[in-house]
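**Student:** Sharing structure38.cif below, mmCIF, C-alpha atoms:
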```cif
data_run
loop_
_atom_site.group_PDB
_atom_site.id
_atom_site.type_symbol
_atom_site.label_atom_id
_atom_site.label_comp_id
_atom_site.auth_asym_id
_atom_site.auth_seq_id
_atom_site.Cartn_x
_atom_site.Cartn_y
_atom_site.Cartn_z
ATOM 1 C CA MET A 238 -127.778 104.787 -60.725
ATOM 2 C CA THR A 239 -127.491 107.737 -58.361
ATOM 3 C CA ALA A 240 -125.301 110.770 -59.071
ATOM 4 C CA LYS A 241 -123.185 109.936 -56.000
ATOM 5 C CA LYS A 242 -122.425 106.433 -57.244
ATOM 6 C CA LYS A 243 -121.533 107.770 -60.701
ATOM 7 C CA GLU A 244 -119.170 110.291 -59.122
ATOM 8 C CA VAL A 245 -117.429 107.505 -57.188
ATOM 9 C CA GLU A 246 -116.964 105.425 -60.370
ATOM 10 C CA ILE A 247 -115.528 108.225 -62.518
ATOM 11 C CA PRO A 248 -111.835 108.127 -61.310
ATOM 12 C CA ALA A 249 -111.539 104.393 -62.119
ATOM 13 C CA MET A 250 -113.226 104.907 -65.483
ATOM 14 C CA LEU A 251 -110.771 107.716 -66.332
ATOM 15 C CA LYS A 252 -107.853 105.425 -65.526
ATOM 16 C CA LYS A 253 -109.232 102.676 -67.805
ATOM 17 C CA ALA A 254 -109.983 105.152 -70.613
ATOM 18 C CA ARG A 255 -106.434 106.569 -70.504
ATOM 19 C CA ALA A 256 -105.072 103.090 -71.262
ATOM 20 C CA LEU A 257 -107.289 102.567 -74.315
ATOM 21 C CA PRO A 258 -105.967 102.955 -77.877
ATOM 22 C CA GLN A 259 -106.824 106.346 -79.397
ATOM 23 C CA THR A 260 -108.399 106.067 -82.857
ATOM 24 C CA PRO A 261 -106.846 108.686 -85.207
ATOM 25 C CA ARG A 262 -109.213 111.554 -86.165
ATOM 26 C CA MET A 263 -112.188 109.992 -84.325
ATOM 27 C CA ALA A 264 -114.527 112.743 -83.094
ATOM 28 C CA TRP A 265 -117.587 112.482 -80.862
ATOM 29 C CA GLN A 266 -120.278 114.938 -79.863
ATOM 30 C CA PHE A 267 -122.324 114.940 -76.655
ATOM 31 C CA GLY A 268 -125.780 116.514 -76.757
ATOM 32 C CA VAL A 269 -129.035 116.715 -74.804
ATOM 33 C CA LYS A 270 -132.448 116.854 -76.485
ATOM 34 C CA ARG A 271 -135.866 117.185 -74.884
ATOM 35 C CA LEU A 272 -138.284 114.758 -76.519
ATOM 36 C CA ARG A 273 -141.661 115.940 -77.798
ATOM 37 C CA LEU A 274 -143.598 113.191 -76.042
ATOM 38 C CA TRP A 275 -144.700 112.257 -72.525
ATOM 39 C CA VAL A 276 -143.390 109.621 -70.103
ATOM 40 C CA TRP A 277 -145.101 108.811 -66.825
ATOM 41 C CA ASP A 278 -142.970 109.508 -63.756
ATOM 42 C CA ASP A 279 -144.083 107.154 -60.956
ATOM 43 C CA GLU A 280 -142.131 109.076 -58.297
ATOM 44 C CA GLN A 281 -143.791 112.416 -59.140
ATOM 45 C CA ASP A 282 -147.104 110.742 -60.121
ATOM 46 C CA ARG A 283 -147.402 112.811 -63.283
ATOM 47 C CA ALA A 284 -146.421 112.855 -66.955
ATOM 48 C CA GLU A 285 -143.150 114.571 -67.892
ATOM 49 C CA ARG A 286 -141.297 115.387 -71.096
ATOM 50 C CA PRO A 287 -138.018 113.458 -70.854
ATOM 51 C CA TYR A 288 -134.496 114.504 -71.865
ATOM 52 C CA SER A 289 -132.362 112.203 -73.996
ATOM 53 C CA MET A 290 -128.553 112.225 -73.730
ATOM 54 C CA LEU A 291 -126.809 111.325 -76.974
ATOM 55 C CA VAL A 292 -123.255 110.499 -78.017
ATOM 56 C CA MET A 293 -122.723 110.896 -81.749
ATOM 57 C CA GLU A 294 -119.672 109.739 -83.663
ATOM 58 C CA LEU A 295 -119.075 112.687 -85.990
ATOM 59 C CA TYR A 296 -116.128 111.018 -87.724
ATOM 60 C CA PRO A 297 -115.720 108.620 -89.360
ATOM 61 C CA ARG A 298 -119.236 107.093 -89.297
ATOM 62 C CA GLY A 299 -121.477 110.109 -88.649
ATOM 63 C CA THR A 300 -124.040 108.300 -86.502
ATOM 64 C CA VAL A 301 -125.458 108.202 -82.977
ATOM 65 C CA ILE A 302 -123.616 105.440 -81.100
ATOM 66 C CA THR A 303 -125.545 105.573 -77.817
ATOM 67 C CA ASN A 304 -128.411 107.405 -76.141
ATOM 68 C CA LEU A 305 -129.960 107.344 -72.706
ATOM 69 C CA LEU A 306 -133.042 108.908 -71.110
ATOM 70 C CA ALA A 307 -132.025 111.188 -68.257
ATOM 71 C CA SER A 308 -133.242 110.362 -64.753
ATOM 72 C CA PRO A 309 -135.283 111.641 -62.959
ATOM 73 C CA VAL A 310 -137.754 112.018 -65.819
ATOM 74 C CA GLY A 311 -138.174 115.625 -66.900
ATOM 75 C CA THR A 312 -134.920 116.772 -65.248
ATOM 76 C CA TYR A 313 -132.083 118.186 -67.354
ATOM 77 C CA PRO A 314 -128.989 115.952 -66.967
ATOM 78 C CA ASN A 315 -126.145 117.312 -64.863
ATOM 79 C CA SER A 316 -122.400 117.345 -65.564
ATOM 80 C CA ILE A 317 -121.776 114.074 -63.683
ATOM 81 C CA ASP A 318 -124.349 112.350 -65.919
ATOM 82 C CA ALA A 319 -122.620 113.653 -69.061
ATOM 83 C CA LEU A 320 -119.066 112.672 -68.052
ATOM 84 C CA HIS A 321 -120.139 109.248 -66.757
ATOM 85 C CA MET A 322 -121.999 108.465 -69.999
ATOM 86 C CA LEU A 323 -119.008 109.457 -72.171
ATOM 87 C CA LEU A 324 -116.537 107.384 -70.131
ATOM 88 C CA LYS A 325 -118.899 104.403 -70.077
ATOM 89 C CA GLN A 326 -119.077 104.515 -73.872
ATOM 90 C CA MET A 327 -115.266 104.278 -73.957
ATOM 91 C CA VAL A 328 -114.640 101.577 -71.340
ATOM 92 C CA ASP A 329 -117.901 99.603 -71.433
ATOM 93 C CA PRO A 330 -119.579 100.077 -74.844
ATOM 94 C CA ALA A 331 -122.305 97.945 -76.414
ATOM 95 C CA GLU A 332 -121.270 94.502 -77.707
ATOM 96 C CA ASP A 333 -121.019 95.701 -81.314
ATOM 97 C CA GLU A 334 -118.725 98.639 -80.392
ATOM 98 C CA LYS A 335 -114.964 98.627 -79.787
ATOM 99 C CA LEU A 336 -113.101 99.793 -76.706
ATOM 100 C CA GLN A 337 -111.638 103.072 -77.937
ATOM 101 C CA ARG A 338 -110.822 106.638 -77.002
ATOM 102 C CA PRO A 339 -111.708 109.484 -79.398
ATOM 103 C CA VAL A 340 -109.288 112.269 -80.262
ATOM 104 C CA GLN A 341 -111.930 114.974 -79.816
ATOM 105 C CA ILE A 342 -115.280 115.418 -78.040
ATOM 106 C CA SER A 343 -117.474 118.427 -78.777
ATOM 107 C CA PHE A 344 -120.300 119.775 -76.629
ATOM 108 C CA ILE A 345 -123.350 121.888 -77.424
ATOM 109 C CA ASP A 346 -123.986 122.918 -73.809
ATOM 110 C CA GLU A 347 -121.196 125.207 -72.569
ATOM 111 C CA LYS A 348 -121.793 124.403 -68.877
ATOM 112 C CA LEU A 349 -121.366 120.675 -69.491
ATOM 113 C CA LEU A 350 -118.261 121.425 -71.560
ATOM 114 C CA GLU A 351 -116.608 123.440 -68.772
ATOM 115 C CA PHE A 352 -117.142 120.661 -66.222
ATOM 116 C CA CYS A 353 -115.964 117.850 -68.516
ATOM 117 C CA ARG A 354 -113.003 119.694 -70.035
ATOM 118 C CA GLU A 355 -110.389 119.038 -67.334
ATOM 119 C CA PRO A 356 -110.980 115.278 -66.799
ATOM 120 C CA LEU A 357 -111.218 114.606 -70.556
ATOM 121 C CA VAL A 358 -108.110 116.656 -71.389
ATOM 122 C CA SER A 359 -106.270 114.711 -68.664
ATOM 123 C CA ILE A 360 -106.714 111.518 -70.714
ATOM 124 C CA GLY A 361 -105.605 113.118 -73.987
ATOM 125 C CA ILE A 362 -108.964 114.158 -75.475
ATOM 126 C CA GLU A 363 -109.443 117.591 -77.056
ATOM 127 C CA VAL A 364 -112.639 119.316 -75.872
ATOM 128 C CA VAL A 365 -114.381 121.903 -78.075
ATOM 129 C CA LYS A 366 -117.782 123.595 -78.483
ATOM 130 C CA LEU A 367 -119.735 123.000 -81.696
ATOM 131 C CA THR A 368 -123.298 123.448 -82.917
ATOM 132 C CA GLU A 369 -125.624 120.456 -83.062
ATOM 133 C CA ALA A 370 -124.639 117.881 -85.666
ATOM 134 C CA THR A 371 -126.778 117.300 -88.754
ATOM 135 C CA GLY A 372 -129.098 114.319 -88.451
ATOM 136 C CA VAL A 373 -129.764 114.529 -84.706
ATOM 137 C CA GLU A 374 -133.367 115.711 -85.212
ATOM 138 C CA ASP A 375 -134.123 112.783 -87.547
ATOM 139 C CA TYR A 376 -132.644 110.348 -85.047
ATOM 140 C CA ILE A 377 -134.679 111.834 -82.185
ATOM 141 C CA THR A 378 -137.888 111.517 -84.228
ATOM 142 C CA LYS A 379 -137.220 107.818 -84.932
ATOM 143 C CA PHE A 380 -136.219 107.170 -81.315
ATOM 144 C CA SER A 381 -139.396 108.880 -80.050
ATOM 145 C CA ASN A 382 -141.572 106.795 -82.378
ATOM 146 C CA LYS A 383 -139.962 103.602 -81.053
ATOM 147 C CA LEU A 384 -140.724 104.609 -77.459
ATOM 148 C CA ILE A 385 -144.371 105.146 -78.405
ATOM 149 C CA GLU A 386 -144.579 101.830 -80.310
ATOM 150 C CA ARG A 387 -143.219 99.993 -77.263
ATOM 151 C CA GLY A 388 -145.751 101.651 -74.973
ATOM 152 C CA ARG A 389 -143.096 103.528 -72.976
ATOM 153 C CA ALA A 390 -144.332 106.990 -73.964
ATOM 154 C CA SER A 391 -147.307 108.802 -75.474
ATOM 155 C CA ARG A 392 -147.807 111.852 -77.598
ATOM 156 C CA GLY A 393 -150.667 114.393 -77.391
ATOM 157 C CA ASP A 394 -152.278 116.038 -80.411
ATOM 158 C CA ALA A 395 -150.353 119.282 -79.875
ATOM 159 C CA ALA A 396 -148.095 120.644 -82.618
ATOM 160 C CA GLU A 397 -144.853 118.750 -83.154
ATOM 161 C CA ARG A 398 -142.743 121.891 -83.268
ATOM 162 C CA PRO A 399 -142.156 123.531 -79.885
ATOM 163 C CA GLY A 400 -141.784 127.281 -79.493
ATOM 164 C CA VAL A 401 -144.876 129.123 -78.246
ATOM 165 C CA HIS A 402 -142.601 132.135 -77.676
ATOM 166 C CA LYS A 403 -141.424 132.292 -81.312
ATOM 167 C CA GLY A 404 -144.602 133.663 -82.855
ATOM 168 C CA VAL A 405 -144.606 137.163 -84.291
ATOM 169 C CA GLY A 406 -145.845 139.678 -81.730
ATOM 170 C CA ILE A 407 -145.535 137.354 -78.730
ATOM 171 C CA GLN A 408 -143.915 139.291 -75.890
ATOM 172 C CA ARG A 409 -142.610 138.325 -72.480
ATOM 173 C CA GLN A 410 -145.480 140.002 -70.658
ATOM 174 C CA ALA A 411 -148.051 138.010 -72.637
ATOM 175 C CA LEU A 412 -146.215 134.775 -71.853
ATOM 176 C CA GLU A 413 -146.046 135.604 -68.161
ATOM 177 C CA GLN A 414 -149.786 136.277 -68.107
ATOM 178 C CA TYR A 415 -150.454 133.033 -69.968
ATOM 179 C CA PHE A 416 -148.384 130.878 -67.612
ATOM 180 C CA SER A 417 -149.790 132.653 -64.558
ATOM 181 C CA ALA A 418 -153.333 131.942 -65.745
ATOM 182 C CA SER A 419 -152.376 128.331 -66.538
ATOM 183 C CA ARG A 420 -150.976 127.849 -63.045
ATOM 184 C CA LYS A 421 -154.161 129.245 -61.472
ATOM 185 C CA LEU A 422 -156.241 126.943 -63.676
ATOM 186 C CA TYR A 423 -154.210 123.903 -62.644
ATOM 187 C CA SER A 424 -154.328 124.862 -58.950
ATOM 188 C CA SER A 425 -158.103 125.278 -58.985
ATOM 189 C CA LYS A 426 -158.569 121.891 -60.743
ATOM 190 C CA PRO A 427 -162.013 122.624 -62.207
ATOM 191 C CA TRP A 428 -162.051 119.171 -63.811
ATOM 192 C CA ARG A 429 -162.574 117.730 -60.323
ATOM 193 C CA ARG A 430 -165.869 119.587 -59.913
ATOM 194 C CA ILE A 431 -167.375 119.682 -63.416
ATOM 195 C CA ASP A 432 -169.178 116.791 -65.062
ATOM 196 C CA GLU A 433 -167.182 115.408 -68.008
ATOM 197 C CA VAL A 434 -170.216 115.453 -70.310
ATOM 198 C CA CYS A 435 -171.047 119.073 -69.516
ATOM 199 C CA ALA A 436 -170.308 121.810 -72.107
ATOM 200 C CA ILE A 437 -169.856 125.331 -70.748
ATOM 201 C CA GLU A 438 -170.240 128.443 -72.871
ATOM 202 C CA ALA A 439 -167.618 131.055 -71.931
ATOM 203 C CA GLU A 440 -167.358 134.648 -73.104
ATOM 204 C CA TRP A 441 -163.927 136.249 -73.494
ATOM 205 C CA LEU A 442 -163.515 139.363 -71.356
ATOM 206 C CA LYS A 443 -161.895 141.180 -74.262
ATOM 207 C CA GLY A 444 -163.863 141.191 -77.495
ATOM 208 C CA GLY A 445 -166.824 139.227 -76.150
ATOM 209 C CA GLU A 446 -166.004 136.159 -78.291
ATOM 210 C CA LYS A 447 -167.618 132.875 -77.295
ATOM 211 C CA ARG A 448 -165.742 129.661 -76.569
ATOM 212 C CA TYR A 449 -166.989 126.272 -75.436
ATOM 213 C CA VAL A 450 -165.295 124.352 -72.624
ATOM 214 C CA THR A 451 -165.528 120.743 -71.479
ATOM 215 C CA VAL A 452 -163.575 118.436 -69.173
ATOM 216 C CA LEU A 453 -161.489 115.850 -71.055
ATOM 217 C CA GLY A 454 -160.712 113.755 -68.006
ATOM 218 C CA SER A 455 -160.884 113.796 -64.216
ATOM 219 C CA SER A 456 -159.229 110.535 -63.178
ATOM 220 C CA ASP A 457 -155.989 110.274 -61.207
ATOM 221 C CA ARG A 458 -153.810 110.230 -64.316
ATOM 222 C CA THR A 459 -155.920 111.921 -66.976
ATOM 223 C CA TYR A 460 -157.235 115.394 -66.446
ATOM 224 C CA GLY A 461 -157.624 118.714 -68.207
ATOM 225 C CA VAL A 462 -160.045 120.800 -70.192
ATOM 226 C CA ALA A 463 -160.581 121.517 -73.880
ATOM 227 C CA VAL A 464 -161.538 124.945 -75.227
ATOM 228 C CA MET A 465 -162.960 125.071 -78.759
ATOM 229 C CA GLY A 466 -164.643 127.634 -80.970
ATOM 230 C CA SER A 467 -167.857 125.711 -81.573
ATOM 231 C CA ILE A 468 -170.043 123.016 -80.003
ATOM 232 C CA GLN A 469 -169.292 120.697 -82.939
ATOM 233 C CA ALA A 470 -165.536 121.054 -82.598
ATOM 234 C CA LEU A 471 -165.861 120.461 -78.853
ATOM 235 C CA ARG A 472 -167.848 117.257 -79.418
ATOM 236 C CA ARG A 473 -165.243 115.954 -81.884
ATOM 237 C CA LYS A 474 -162.408 116.773 -79.480
ATOM 238 C CA TYR A 475 -164.123 114.980 -76.586
ATOM 239 C CA ALA A 476 -165.027 111.966 -78.732
ATOM 240 C CA ARG A 477 -161.458 111.554 -79.982
ATOM 241 C CA ALA A 478 -160.002 111.952 -76.480
ATOM 242 C CA SER A 479 -162.393 109.369 -75.037
ATOM 243 C CA GLY A 480 -162.012 106.961 -77.969
ATOM 244 C CA THR A 481 -165.697 107.144 -78.951
ATOM 245 C CA TYR A 482 -165.363 109.125 -82.186
ATOM 246 C CA ASP A 483 -167.719 107.911 -84.914
ATOM 247 C CA VAL A 484 -167.901 109.474 -88.371
ATOM 248 C CA GLU A 485 -171.633 108.844 -88.805
ATOM 249 C CA LYS A 486 -172.460 110.393 -85.433
ATOM 250 C CA ASP A 487 -170.207 113.326 -86.296
ATOM 251 C CA ILE A 488 -172.246 113.996 -89.423
ATOM 252 C CA GLU A 489 -175.468 113.920 -87.402
ATOM 253 C CA ALA A 490 -173.992 116.298 -84.798
ATOM 254 C CA ASN A 491 -173.004 118.745 -87.517
ATOM 255 C CA MET A 492 -176.652 119.122 -88.505
ATOM 256 C CA LEU A 493 -177.044 121.301 -85.392
ATOM 257 C CA CYS A 494 -176.434 125.028 -85.793
ATOM 258 C CA GLY A 495 -172.759 125.877 -85.289
ATOM 259 C CA ASN A 496 -173.705 129.089 -83.491
ATOM 260 C CA CYS A 497 -176.646 128.401 -81.212
ATOM 261 C CA GLY A 498 -176.449 124.591 -81.107
ATOM 262 C CA LYS A 499 -180.128 124.188 -81.984
ATOM 263 C CA GLU A 500 -181.571 122.054 -84.756
ATOM 264 C CA PRO A 501 -182.574 124.349 -87.646
ATOM 265 C CA THR A 502 -186.355 124.523 -88.001
ATOM 266 C CA THR A 503 -186.386 125.774 -91.609
ATOM 267 C CA GLU A 504 -183.734 125.660 -94.330
ATOM 268 C CA THR A 505 -180.216 124.693 -93.234
ATOM 269 C CA PHE A 506 -177.223 126.793 -94.276
ATOM 270 C CA ARG A 507 -173.736 125.270 -94.609
ATOM 271 C CA CYS A 508 -170.308 126.967 -94.595
ATOM 272 C CA THR A 509 -169.217 126.986 -98.228
ATOM 273 C CA ALA A 510 -165.505 126.962 -97.366
ATOM 274 C CA CYS A 511 -165.133 123.828 -95.222
ATOM 275 C CA ARG A 512 -168.670 122.407 -95.715
ATOM 276 C CA ARG A 513 -168.554 120.985 -92.165
ATOM 277 C CA LEU A 514 -170.673 123.401 -90.132
ATOM 278 C CA PHE A 515 -174.375 124.096 -90.516
ATOM 279 C CA TYR A 516 -176.357 127.178 -89.441
ATOM 280 C CA CYS A 517 -179.941 128.231 -88.893
ATOM 281 C CA ASP A 518 -179.442 131.250 -91.141
ATOM 282 C CA GLN A 519 -176.886 133.821 -92.282
ATOM 283 C CA ASP A 520 -177.198 135.732 -89.002
ATOM 284 C CA CYS A 521 -176.006 132.676 -87.060
ATOM 285 C CA GLN A 522 -173.185 132.145 -89.537
ATOM 286 C CA ARG A 523 -171.993 135.738 -89.199
ATOM 287 C CA ALA A 524 -172.173 135.537 -85.397
ATOM 288 C CA ASN A 525 -170.068 132.364 -85.335
ATOM 289 C CA TRP A 526 -167.422 133.503 -87.826
ATOM 290 C CA LYS A 527 -165.083 134.971 -85.172
ATOM 291 C CA GLN A 528 -164.668 131.478 -83.741
ATOM 292 C CA HIS A 529 -165.105 129.337 -86.840
ATOM 293 C CA GLN A 530 -162.459 131.159 -88.929
ATOM 294 C CA TYR A 531 -159.714 129.479 -86.878
ATOM 295 C CA GLU A 532 -160.951 125.933 -87.492
ATOM 296 C CA CYS A 533 -162.247 126.424 -91.059
ATOM 297 C CA LYS A 534 -160.323 124.784 -93.908
ATOM 298 C CA ASP A 535 -157.275 126.788 -95.036
ATOM 299 C CA PRO A 536 -157.577 129.406 -92.264
ATOM 300 C CA SER A 537 -154.525 131.264 -93.619
ATOM 301 C CA LYS A 538 -156.489 132.067 -96.782
ATOM 302 C CA LEU A 539 -159.739 132.892 -94.990
ATOM 303 C CA GLU A 540 -158.395 135.035 -92.166
ATOM 304 C CA HIS A 541 -159.447 138.346 -93.731
ATOM 305 C CA VAL A 542 -162.593 137.151 -95.510
ATOM 306 C CA SER A 543 -165.895 138.239 -94.011
ATOM 307 C CA PRO A 544 -168.789 135.775 -93.648
ATOM 308 C CA THR A 545 -170.835 138.023 -95.927
ATOM 309 C CA LEU A 546 -168.406 137.371 -98.769
ATOM 310 C CA LEU A 547 -168.196 133.689 -97.899
ATOM 311 C CA GLY A 548 -171.931 133.291 -98.112
ATOM 312 C CA ALA A 549 -173.918 130.252 -97.039
ATOM 313 C CA GLU A 550 -175.132 127.337 -99.057
ATOM 314 C CA ARG A 551 -178.719 126.236 -98.589
ATOM 315 C CA THR A 552 -179.263 122.513 -98.126
#
```
Go ahead and express the file in the form of structure tokens.
**Tutor:**
Amino acid sequence: MTAKKKEVEIPAMLKKARALPQTPRMAWQFGVKRLRLWVWDDEQDRAERPYSMLVMELYPRGTVITNLLASPVGTYPNSIDALHMLLKQMVDPAEDEKLQRPVQISFIDEKLLEFCREPLVSIGIEVVKLTEATGVEDYITKFSNKLIERGRASRGDAAERPGVHKGVGIQRQALEQYFSASRKLYSSKPWRRIDEVCAIEAEWLKGGEKRYVTVLGSSDRTYGVAVMGSIQALRRKYARASGTYDVEKDIEANMLCGNCGKEPTTETFRCTACRRLFYCDQDCQRANWKQHQYECKDPSKLEHVSPTLLGAERT
């Protein structure tokens, strides 16, 4: 339904809601949460992270009574969306819900609160601002999993918790540089010109560290690149993304040197910490440690350990 049509319906819905019985002490909360998953937007022809609008009954039941994905996908709901959803829950609820008018409705978003205050107060509902109710995160997680199970959404292998800007030492300038570089990368679309099975060795401008890059997809709906610290990690990433990962083949691939990618001609050395990477010798292991330390088992414990102290196990 368009915003214009919702706006036209609101006066009649307010009139109906005013006539409903008011349940003593009943309190609702309206909130908006961005889901940590992806939904395909046919209009924009791209994947977007959707927003979910929720109405929670704080008292007496303490549960979410309705939720709705905002439209268009990836767009934060406006004030008309919020007011229309609240009134609809009063005058046209689900079959298992009663027609009723709460005594109080709280908002998390102050802008939505200011818009909805006057019409809701006009029908005898107190409007206040509160922090997010307990249990909303658990509900959102379950709701997201249901969307994925039904094939309506997908989730990447990125971290569940959002907040790239919350890390210690991350400053605004660094974020601006990161997003600027990301925009340039997307605009240049290198995945359109590079073979998907090609691995490119890249050297960081600062520090001279090596990274390995490959294209994960170049079709109309799947595209992007992966950057990993070793050839082995890059192969695993590509295999998992393409659905061709095989444990036995992974073991064979790991027999190649984690630094130079060649098959060792003499004795093979293995990382004694994670036991997943092999090397030609200790020189190759030391050279690869700058990259491998971030993918090695328990990296928090190994961050300040040198490869000399780690040693290498002959096989």
**Student:** In file coordinates, which residues lie within 12 Å of (-120.9, 110.7, -89.2) using all atoms listed in the file, given as a PyMOL selection string?
**Tutor:** chain A and resi 263-266+292-302+370-373
**Student:** So what do you get for atom CA of A:Pro330 versus atom CA of A:Met250, distance-wise?
**Tutor:**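 Separating atom CA of A:Pro330 from atom CA of A:Met250 is a distance of 12.3 Å.
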**Student:** Here's a test: counting all atoms listed in the file, identify every protein, DNA and RNA residue with an atom at most 8 Å from (-139.8, 113.2, -69.6) in the file's coordinate frame, and state them as a list of chain:residue names.
**Tutor:**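 Here the neighbourhood of the point contains A:Arg271, A:Leu272, A:Leu274, A:Trp275, A:Val276, A:Trp277, A:Asp278, A:Ala284, A:Glu285, A:Arg286, A:Pro287, A:Tyr288, A:Val310, A:Gly311, A:Thr312.
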**Student:** Tell me which protein, DNA and RNA residues are within 7 Å of A:Ala436, counting all atoms listed in the file, leaving out same-chain ones fewer than 4 positions away, and put them as a list in words.
**Tutor:** Tyr449, Val450 and Thr451 of chain A
**Student:** Report the centre and edge lengths, in Å to one decimal, of an axis-aligned box enclosing every atom of stretch 330-342 of chain A listed in the file, padded by 8 Å on each side, as AutoDock Vina command-line options.
**Tutor:**
```
--center_x -115.8 --center_y 105.0 --center_z -78.1 --size_x 29.0 --size_y 36.9 --size_z 22.5
```
**Student:** Can you list, as a PyMOL selection string, the residues that the PyMOL selection byres ((chain A and resi 318) around 10) selects here?
**Tutor:** chain A and resi 238-240+243-244+290+307-308+313-317+319-323+349
**Student:** If you measure from atom CA of A:Val340 to atom CA of A:Val364, what distance in Å do you get, rounded to one decimal?
**Tutor:**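 Interatomic distance, atom CA of A:Val340 to atom CA of A:Val364: 9.0 Å.
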**Student:** Just the number, please: distance in Å from atom CA of A:Lys447 to atom CA of A:Gln528, one decimal.
**Tutor:**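 It comes out at 7.2 Å.
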**Student:** Taking into account all atoms listed in the file, which residue in the set A:Arg389, A:Lys242, A:Lys366, A:His529 is nearest to A:Phe267?
**Tutor:**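 Once distances to A:Phe267 are computed over all atoms listed in the file, the minimum belongs to A:Lys366.
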**Student:** Once the PyMOL selection byres ((chain A and resi 470) around 10) is applied to the coordinates I shared, what remains selected? I want it as an mmCIF file with C-alpha atoms, in the coordinates of the input.
**Tutor:**
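Generated output (out22.cif):
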```cif
data_model
loop_
_atom_site.group_PDB
_atom_site.id
_atom_site.type_symbol
_atom_site.label_atom_id
_atom_site.label_comp_id
_atom_site.auth_asym_id
_atom_site.auth_seq_id
_atom_site.Cartn_x
_atom_site.Cartn_y
_atom_site.Cartn_z
ATOM 1 C CA TYR A 449 -166.989 126.272 -75.436
ATOM 2 C CA VAL A 464 -161.538 124.945 -75.227
ATOM 3 C CA MET A 465 -162.960 125.071 -78.759
ATOM 4 C CA GLY A 466 -164.643 127.634 -80.970
ATOM 5 C CA SER A 467 -167.857 125.711 -81.573
ATOM 6 C CA ILE A 468 -170.043 123.016 -80.003
ATOM 7 C CA GLN A 469 -169.292 120.697 -82.939
ATOM 8 C CA LEU A 471 -165.861 120.461 -78.853
ATOM 9 C CA ARG A 472 -167.848 117.257 -79.418
ATOM 10 C CA ARG A 473 -165.243 115.954 -81.884
ATOM 11 C CA LYS A 474 -162.408 116.773 -79.480
ATOM 12 C CA TYR A 475 -164.123 114.980 -76.586
ATOM 13 C CA ALA A 476 -165.027 111.966 -78.732
ATOM 14 C CA ASP A 487 -170.207 113.326 -86.296
ATOM 15 C CA ALA A 490 -173.992 116.298 -84.798
ATOM 16 C CA ASN A 491 -173.004 118.745 -87.517
ATOM 17 C CA GLY A 495 -172.759 125.877 -85.289
ATOM 18 C CA LEU A 514 -170.673 123.401 -90.132
ATOM 19 C CA HIS A 529 -165.105 129.337 -86.840
ATOM 20 C CA GLU A 532 -160.951 125.933 -87.492
#
```
**Student:** With distances taken over only C-alpha atoms, which of A:Cys494, A:Trp428, A:Glu334, A:Arg283 is nearest to A:Ala463?
**Tutor:**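 Looking only at the distances to A:Ala463, the closest residue turns out to be A:Trp428.
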**Student:** May I have a table of the residues of stretch 240-288 of chain A lying at most 8 Å from stretch 358-363 of chain A, giving each one's closest pair of atoms and their distance in Å to one decimal, counting only C-alpha atoms, ordered by chain and ascending residue number, as a tab-separated table?
**Tutor:**
```
residue	atom	partner	partner_atom	distance
A:Leu251	CA	A:Ile360	CA	7.1
A:Ala254	CA	A:Ile360	CA	7.2
A:Arg255	CA	A:Ile360	CA	5.0
```
**Student:** Find the residues around A:Ile345 up to 6 Å (only C-alpha atoms counted), leave out those fewer than 3 positions away in its own chain, and share them as a list of chain:residue names.
**Tutor:** A:Gly268, A:Lys366, A:Leu367, A:Thr368
**Student:** Would you please work out which residue, of A:Thr509, A:Gln341, A:Ser417, A:Asn496, is nearest to A:Ala524 when using only C-alpha atoms?
**Tutor:**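 When distances to A:Ala524 are compared using only C-alpha atoms, the smallest one comes from A:Asn496.
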**Student:** Nearest to A:Asp333: which of A:Thr303, A:Glu355, A:Asp282, A:Phe380 is it, counting all atoms listed in the file?
**Tutor:** A:Thr303
